[in-house]
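This is my_file-v7.txt. It holds compact mmCIF, C-alpha atoms.
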```
# COMPACT_ATOMS: atom_id res chain seq x y z
CA MET A 6 -30.18 25.79 17.23
CA TYR A 7 -27.44 25.75 19.82
CA VAL A 8 -25.46 28.91 20.60
CA TRP A 9 -22.47 28.00 18.40
CA ALA A 10 -24.61 27.62 15.28
CA ARG A 11 -26.34 30.92 16.02
CA LEU A 12 -22.98 32.57 16.63
CA ALA A 13 -21.63 31.26 13.32
CA ARG A 14 -24.72 32.61 11.53
CA VAL A 15 -24.36 36.05 13.15
CA VAL A 16 -20.67 36.32 12.20
CA ALA A 17 -21.19 34.92 8.68
CA THR A 18 -23.99 37.37 7.91
CA ALA A 19 -22.51 40.47 9.59
CA ARG A 20 -21.45 42.09 6.30
CA SER A 21 -24.98 41.91 4.96
CA ARG A 22 -26.11 44.14 7.84
CA GLY A 23 -23.50 46.81 7.03
CA PRO A 24 -21.11 48.61 9.34
CA TYR A 25 -22.13 49.57 12.84
CA ALA A 26 -21.38 53.02 14.26
CA PRO A 27 -22.14 54.34 17.74
CA GLY A 28 -25.73 55.53 17.82
CA GLY A 29 -26.84 52.77 15.45
CA GLU A 30 -28.85 49.68 16.18
CA GLY A 31 -28.18 46.02 15.44
CA ARG A 32 -31.15 43.80 14.57
CA LEU A 33 -31.07 40.00 14.70
CA ALA A 34 -34.05 37.72 14.03
CA PHE A 35 -34.65 34.48 15.93
CA ARG A 36 -37.26 31.84 16.64
CA CYS A 37 -37.74 30.30 20.08
CA LEU A 38 -36.64 26.68 19.62
CA PRO A 39 -37.13 23.62 21.85
CA SER A 40 -33.51 24.01 23.04
CA ASP A 41 -34.36 27.55 24.27
CA ILE A 42 -37.31 26.80 26.54
CA ASP A 43 -37.88 26.00 30.18
CA SER A 44 -40.68 24.01 31.84
CA ASN A 45 -43.15 26.83 31.11
CA LEU A 46 -42.53 26.34 27.37
CA HIS A 47 -41.16 29.85 26.94
CA LEU A 48 -37.71 31.33 26.40
CA ASN A 49 -35.46 30.41 29.33
CA ASN A 50 -34.05 33.37 31.28
CA ALA A 51 -30.46 32.28 30.56
CA ARG A 52 -31.19 32.24 26.84
CA TYR A 53 -31.99 35.96 26.93
CA MET A 54 -28.43 36.59 28.11
CA MET A 55 -26.95 34.38 25.40
CA LEU A 56 -28.98 36.12 22.69
CA ALA A 57 -27.95 39.54 24.07
CA ASP A 58 -24.33 38.28 23.80
CA LEU A 59 -24.95 37.60 20.11
CA GLY A 60 -26.29 41.12 19.71
CA ARG A 61 -23.08 42.50 21.26
CA ILE A 62 -20.88 40.27 19.13
CA ASP A 63 -22.75 41.46 16.03
CA ILE A 64 -21.98 45.06 17.01
CA PHE A 65 -18.31 44.22 17.76
CA VAL A 66 -17.83 42.52 14.38
CA ARG A 67 -19.63 45.20 12.36
CA ALA A 68 -17.87 48.10 14.17
CA GLY A 69 -14.44 46.52 13.61
CA LEU A 70 -13.76 46.14 17.33
CA LEU A 71 -12.68 42.50 17.16
CA GLY A 72 -9.92 43.25 14.62
CA VAL A 73 -8.64 46.28 16.56
CA ALA A 74 -8.86 44.35 19.84
CA ARG A 75 -6.81 41.47 18.44
CA LYS A 76 -4.05 43.82 17.23
CA ARG A 77 -3.87 45.76 20.50
CA LYS A 78 -4.37 42.77 22.83
CA TRP A 79 -7.66 44.18 24.05
CA ALA A 80 -10.56 42.08 25.26
CA PRO A 81 -14.17 43.33 25.35
CA MET A 82 -15.68 42.27 28.69
CA LEU A 83 -19.16 42.43 30.09
CA GLY A 84 -19.27 43.99 33.55
CA GLY A 85 -22.87 43.37 34.49
CA LEU A 86 -26.45 43.50 33.37
CA GLN A 87 -30.01 44.04 34.45
CA VAL A 88 -33.01 42.40 32.83
CA VAL A 89 -36.69 43.22 32.86
CA TYR A 90 -39.12 40.63 31.50
CA ALA A 91 -42.45 42.09 30.33
CA ARG A 92 -43.95 39.43 28.04
CA GLU A 93 -43.08 35.81 27.40
CA ILE A 94 -41.56 34.49 24.19
CA ARG A 95 -43.27 31.17 23.55
CA LEU A 96 -42.00 28.06 21.81
CA TRP A 97 -41.75 28.56 18.01
CA GLN A 98 -42.48 32.28 18.31
CA ARG A 99 -40.42 34.65 16.14
CA PHE A 100 -38.78 37.69 17.68
CA GLU A 101 -35.97 40.14 17.11
CA VAL A 102 -33.16 41.35 19.34
CA LEU A 103 -32.35 45.03 18.83
CA SER A 104 -28.94 45.89 20.27
CA SER A 105 -27.31 49.26 20.65
CA ILE A 106 -24.53 51.19 22.33
CA GLN A 107 -26.38 53.84 24.28
CA THR A 108 -23.46 55.92 25.56
CA TRP A 109 -20.27 55.65 27.57
CA GLU A 110 -18.47 57.21 30.45
CA GLY A 111 -14.80 56.70 31.26
CA THR A 112 -14.06 53.02 30.77
CA GLN A 113 -17.70 51.84 30.76
CA VAL A 114 -20.09 51.43 27.86
CA ILE A 115 -23.84 51.24 28.42
CA GLY A 116 -25.57 48.83 26.06
CA LYS A 117 -29.22 47.98 25.54
CA HIS A 118 -30.88 44.91 24.07
CA ARG A 119 -34.61 44.86 23.41
CA PHE A 120 -36.45 41.64 22.61
CA ILE A 121 -39.26 42.57 20.22
CA LEU A 122 -42.20 40.31 19.36
CA GLU A 123 -43.69 40.18 15.84
CA ASN A 124 -46.55 42.47 16.92
CA GLY A 125 -44.01 45.13 18.01
CA GLU A 126 -44.37 44.60 21.75
CA VAL A 127 -41.23 44.56 23.89
CA ALA A 128 -40.85 41.20 25.62
CA ALA A 129 -37.72 42.09 27.60
CA THR A 130 -35.03 44.71 27.97
CA VAL A 131 -31.44 44.00 28.98
CA MET A 132 -29.17 46.86 30.01
CA THR A 133 -25.45 46.12 30.16
CA THR A 134 -22.26 47.73 31.26
CA ALA A 135 -19.06 46.63 29.60
CA GLY A 136 -15.49 47.69 29.00
CA VAL A 137 -12.43 46.89 26.95
CA TYR A 138 -9.53 45.41 28.89
CA ASP A 139 -5.94 45.95 27.73
CA ARG A 140 -4.21 42.69 28.57
CA SER A 141 -0.68 44.04 28.06
CA GLN A 142 -1.18 47.11 30.28
CA ARG A 143 -3.53 45.33 32.69
CA ARG A 144 -6.11 48.13 32.69
CA PHE A 145 -9.45 49.03 31.20
CA VAL A 146 -9.19 51.34 28.21
CA LEU A 147 -11.00 54.68 28.09
CA ILE A 148 -13.90 54.22 25.69
CA ASP A 149 -13.00 57.49 23.93
CA GLU A 150 -9.69 55.76 23.04
CA VAL A 151 -11.56 52.70 21.75
CA VAL A 152 -13.91 54.84 19.63
CA ALA A 153 -10.92 56.77 18.22
CA ALA A 154 -9.11 53.51 17.39
CA LEU A 155 -12.21 52.44 15.45
CA GLY A 156 -12.10 55.70 13.49
CA TYR A 157 -15.41 57.12 14.69
CA PRO A 158 -15.81 60.82 15.50
CA ALA A 159 -18.54 60.01 18.03
CA THR A 160 -18.83 61.59 21.45
CA PRO A 161 -21.00 60.14 24.22
CA ARG A 162 -24.28 61.72 25.19
CA PRO A 163 -24.87 62.39 28.88
CA LEU A 164 -26.18 59.45 30.89
CA SER A 165 -29.95 59.37 31.31
CA ASP A 166 -31.46 59.09 34.79
CA ILE A 167 -32.13 55.38 34.18
CA GLU A 168 -28.53 54.79 33.06
CA GLN A 169 -27.17 56.64 36.10
CA ALA A 170 -29.36 54.55 38.42
CA PHE A 171 -28.26 51.36 36.62
CA LEU A 172 -24.57 52.24 37.02
CA ARG A 173 -25.00 53.15 40.70
CA SER A 174 -26.76 49.84 41.35
CA HIS A 175 -24.09 47.95 39.42
CA GLN A 176 -21.23 49.68 41.25
CA THR A 177 -22.84 49.05 44.65
CA LEU A 178 -23.37 45.35 43.97
CA ARG A 179 -19.87 45.03 42.51
CA ALA A 180 -18.31 46.60 45.63
CA GLU A 181 -20.35 44.33 47.89
CA THR A 182 -19.38 41.28 45.82
CA LYS A 183 -15.68 42.09 45.97
CA SER A 184 -15.73 42.74 49.73
CA THR A 185 -17.73 39.68 50.78
CA PRO A 186 -15.56 36.71 51.81
CA ALA A 187 -16.47 33.25 50.55
CA GLU A 188 -18.07 31.08 53.20
```

Please lay out the structure from this file as structure tokens.
Amino acid sequence: MYVWARLARVVATARSRGPYAPGGEGRLAFRCLPSDIDSNLHLNNARYMMLADLGRIDIFVRAGLLGVARKRKWAPMLGGLQVVYAREIRLWQRFEVLSSIQTWEGTQVIGKHRFILENGEVAATVMTTAGVYDRSQRRFVLIDEVVAALGYPATPRPLSDIEQAFLRSHQTLRAETKSTPAE
């Protein structure tokens, strides 16, 4: 099933999964289809990113972010990600993507997506950093402001050592990317 059909299914079934609040976890079930595989007959690395996108969109819809963002001219944007592959997801194999907002700091949200096989093993983990861009003010919004706009009384937990290392790596690569001229 191509990404658009999967996206339509995620959005159409969001209500059945209930509202999402920070600290919760989204859970989406999939099967590895022929359109998802590479020459090794397992889930293509790019497909992991697309399925993690669906996990984020599920959270955005269920938390009410898309409605608030539309009204305020905000745009959720992915800043970067890191992936670790531990086990393959083979053709026709069923798996779940568990997505969550881990915490936030300033204008950055740390997200996590775990790809779980039917036997409970983790096939891959994707960590993300994202933000919400205010198009009218041309700035990223403080995540505390976003959470308040959604009506949640949540406060972020301190970053773990892994999350701090992830953000440092992301910021270093981002700075290098912005300062390197095109050849």

* For Gly111 of chain A, which residue out of A:Thr133, A:Thr160, A:Gln142, A:Gln87 is the nearest one, using only C-alpha atoms? ->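 Of A:Thr133, A:Thr160, A:Gln142, A:Gln87, the one nearest Gly111 of chain A is A:Thr160, counting only C-alpha atoms.
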
Please provide the set of residues having any atom within 10 Å of Pro81 of chain A, restricted to only C-alpha atoms, with same-chain residues fewer than 2 positions apart removed, written as a PDB file with C-alpha atoms, in the coordinates of the input.
```pdb
ATOM      1  CA  ARG A  61     -23.080  42.500  21.260  1.00  0.00           C
ATOM      2  CA  ILE A  62     -20.880  40.270  19.130  1.00  0.00           C
ATOM      3  CA  PHE A  65     -18.310  44.220  17.760  1.00  0.00           C
ATOM      4  CA  LEU A  70     -13.760  46.140  17.330  1.00  0.00           C
ATOM      5  CA  LEU A  71     -12.680  42.500  17.160  1.00  0.00           C
ATOM      6  CA  ALA A  74      -8.860  44.350  19.840  1.00  0.00           C
ATOM      7  CA  TRP A  79      -7.660  44.180  24.050  1.00  0.00           C
ATOM      8  CA  LEU A  83     -19.160  42.430  30.090  1.00  0.00           C
ATOM      9  CA  GLY A  84     -19.270  43.990  33.550  1.00  0.00           C
ATOM     10  CA  ALA A 135     -19.060  46.630  29.600  1.00  0.00           C
ATOM     11  CA  GLY A 136     -15.490  47.690  29.000  1.00  0.00           C
ATOM     12  CA  VAL A 137     -12.430  46.890  26.950  1.00  0.00           C
ATOM     13  CA  TYR A 138      -9.530  45.410  28.890  1.00  0.00           C
ATOM     14  CA  ASP A 139      -5.940  45.950  27.730  1.00  0.00           C
ATOM     15  CA  PHE A 145      -9.450  49.030  31.200  1.00  0.00           C
ATOM     16  CA  VAL A 146      -9.190  51.340  28.210  1.00  0.00           C
TER      17      VAL A 146
END
```

* **Residues near Ile167 of chain A, cut-off 12 Å, all atoms listed in the file, skip fewer than 2 positions along chain, as JSON, numbers by chain** => {"A": [87, 107, 115, 117, 132, 163, 164, 165, 169, 170, 171, 172, 173, 174]}

* **Distance criterion (only C-alpha atoms): nearest to Leu147 of chain A out of A:Val88, A:Leu56, A:Leu48, A:Val114** =>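 Of A:Val88, A:Leu56, A:Leu48, A:Val114, the one nearest Leu147 of chain A is A:Val114, counting only C-alpha atoms.
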
* Structure fact -> Residue with the minimum atom-to-atom distance to Val131 of chain A, picked from A:Arg67, A:Arg52, A:Arg95, A:Arg75 with all atoms listed in the file counted, is A:Arg52

* **Selected residue, from A:Gly85, A:Pro158, A:Gly60, A:Gly125, that lies nearest to Arg11 of chain A when counting all atoms listed in the file** => A:Gly60

* Excluding same-chain residues fewer than 6 positions from Val89 of chain A, what lies within 12 Å of it counting only C-alpha atoms, as a PyMOL selection string? -> chain A and resi 50+53-54+117-120+127-133

* atom CA of Pro24 of chain A and atom CA of Gln113 of chain A are how many Å apart? ->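 Answer for the atom CA of Pro24 of chain A to atom CA of Gln113 of chain A separation: 21.9 Å.
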
* atom CA of Thr134 of chain A to atom CA of Ser40 of chain A: how many Å, to one decimal? -> 27.5 Å

* To do: Figure out the distance between atom CA of Gly69 of chain A and atom CA of Ala153 of chain A, please, to one decimal in Å.
  =>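 Value for the atom CA of Ala153 of chain A-atom CA of Gly69 of chain A distance: 11.8 Å.
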
* Asked: Which of these, A:His175, A:Arg140, A:Arg77, A:Arg92, has the shortest distance to Leu155 of chain A once you count all atoms listed in the file?
  ->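 Closest to Leu155 of chain A of all the choices is A:Arg77.
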
Take the structure in the block and write a file for segment 66-107 of chain A, C-alpha atoms, as a PDB file, in the first residue's frame.
```pdb
ATOM      1  CA  VAL A  66      -3.933  14.495  14.669  1.00  0.00           C
ATOM      2  CA  ARG A  67      -4.817  12.857  17.988  1.00  0.00           C
ATOM      3  CA  ALA A  68      -3.224  15.661  20.078  1.00  0.00           C
ATOM      4  CA  GLY A  69      -5.097  18.347  18.114  1.00  0.00           C
ATOM      5  CA  LEU A  70      -1.898  19.937  16.816  1.00  0.00           C
ATOM      6  CA  LEU A  71      -2.977  20.078  13.180  1.00  0.00           C
ATOM      7  CA  GLY A  72      -6.108  22.110  14.002  1.00  0.00           C
ATOM      8  CA  VAL A  73      -4.222  24.526  16.275  1.00  0.00           C
ATOM      9  CA  ALA A  74      -1.399  24.807  13.736  1.00  0.00           C
ATOM     10  CA  ARG A  75      -3.814  25.685  10.937  1.00  0.00           C
ATOM     11  CA  LYS A  76      -5.451  28.452  12.999  1.00  0.00           C
ATOM     12  CA  ARG A  77      -2.144  29.964  14.114  1.00  0.00           C
ATOM     13  CA  LYS A  78      -0.289  29.478  10.810  1.00  0.00           C
ATOM     14  CA  TRP A  79       2.126  27.066  12.447  1.00  0.00           C
ATOM     15  CA  ALA A  80       3.847  24.223  10.641  1.00  0.00           C
ATOM     16  CA  PRO A  81       5.285  21.162  12.421  1.00  0.00           C
ATOM     17  CA  MET A  82       8.712  20.456  10.918  1.00  0.00           C
ATOM     18  CA  LEU A  83      11.161  17.634  11.333  1.00  0.00           C
ATOM     19  CA  GLY A  84      14.672  18.853  12.093  1.00  0.00           C
ATOM     20  CA  GLY A  85      16.600  15.612  11.887  1.00  0.00           C
ATOM     21  CA  LEU A  86      16.715  11.992  12.854  1.00  0.00           C
ATOM     22  CA  GLN A  87      18.948   9.093  13.724  1.00  0.00           C
ATOM     23  CA  VAL A  88      18.127   5.470  13.004  1.00  0.00           C
ATOM     24  CA  VAL A  89      19.455   2.226  14.395  1.00  0.00           C
ATOM     25  CA  TYR A  90      18.545  -1.008  12.611  1.00  0.00           C
ATOM     26  CA  ALA A  91      18.750  -4.114  14.816  1.00  0.00           C
ATOM     27  CA  ARG A  92      16.666  -6.756  13.013  1.00  0.00           C
ATOM     28  CA  GLU A  93      15.207  -6.939   9.532  1.00  0.00           C
ATOM     29  CA  ILE A  94      11.522  -6.714   8.721  1.00  0.00           C
ATOM     30  CA  ARG A  95      10.932  -9.231   5.952  1.00  0.00           C
ATOM     31  CA  LEU A  96       8.413  -9.236   3.138  1.00  0.00           C
ATOM     32  CA  TRP A  97       4.857  -9.955   4.412  1.00  0.00           C
ATOM     33  CA  GLN A  98       5.963  -9.714   8.040  1.00  0.00           C
ATOM     34  CA  ARG A  99       3.654  -7.867  10.455  1.00  0.00           C
ATOM     35  CA  PHE A 100       5.062  -5.220  12.772  1.00  0.00           C
ATOM     36  CA  GLU A 101       4.020  -2.199  14.786  1.00  0.00           C
ATOM     37  CA  VAL A 102       5.401   1.314  14.992  1.00  0.00           C
ATOM     38  CA  LEU A 103       5.252   2.757  18.507  1.00  0.00           C
ATOM     39  CA  SER A 104       5.652   6.532  18.446  1.00  0.00           C
ATOM     40  CA  SER A 105       6.023   8.928  21.336  1.00  0.00           C
ATOM     41  CA  ILE A 106       7.015  12.418  22.355  1.00  0.00           C
ATOM     42  CA  GLN A 107       9.849  11.838  24.786  1.00  0.00           C
TER      43      GLN A 107
END
```
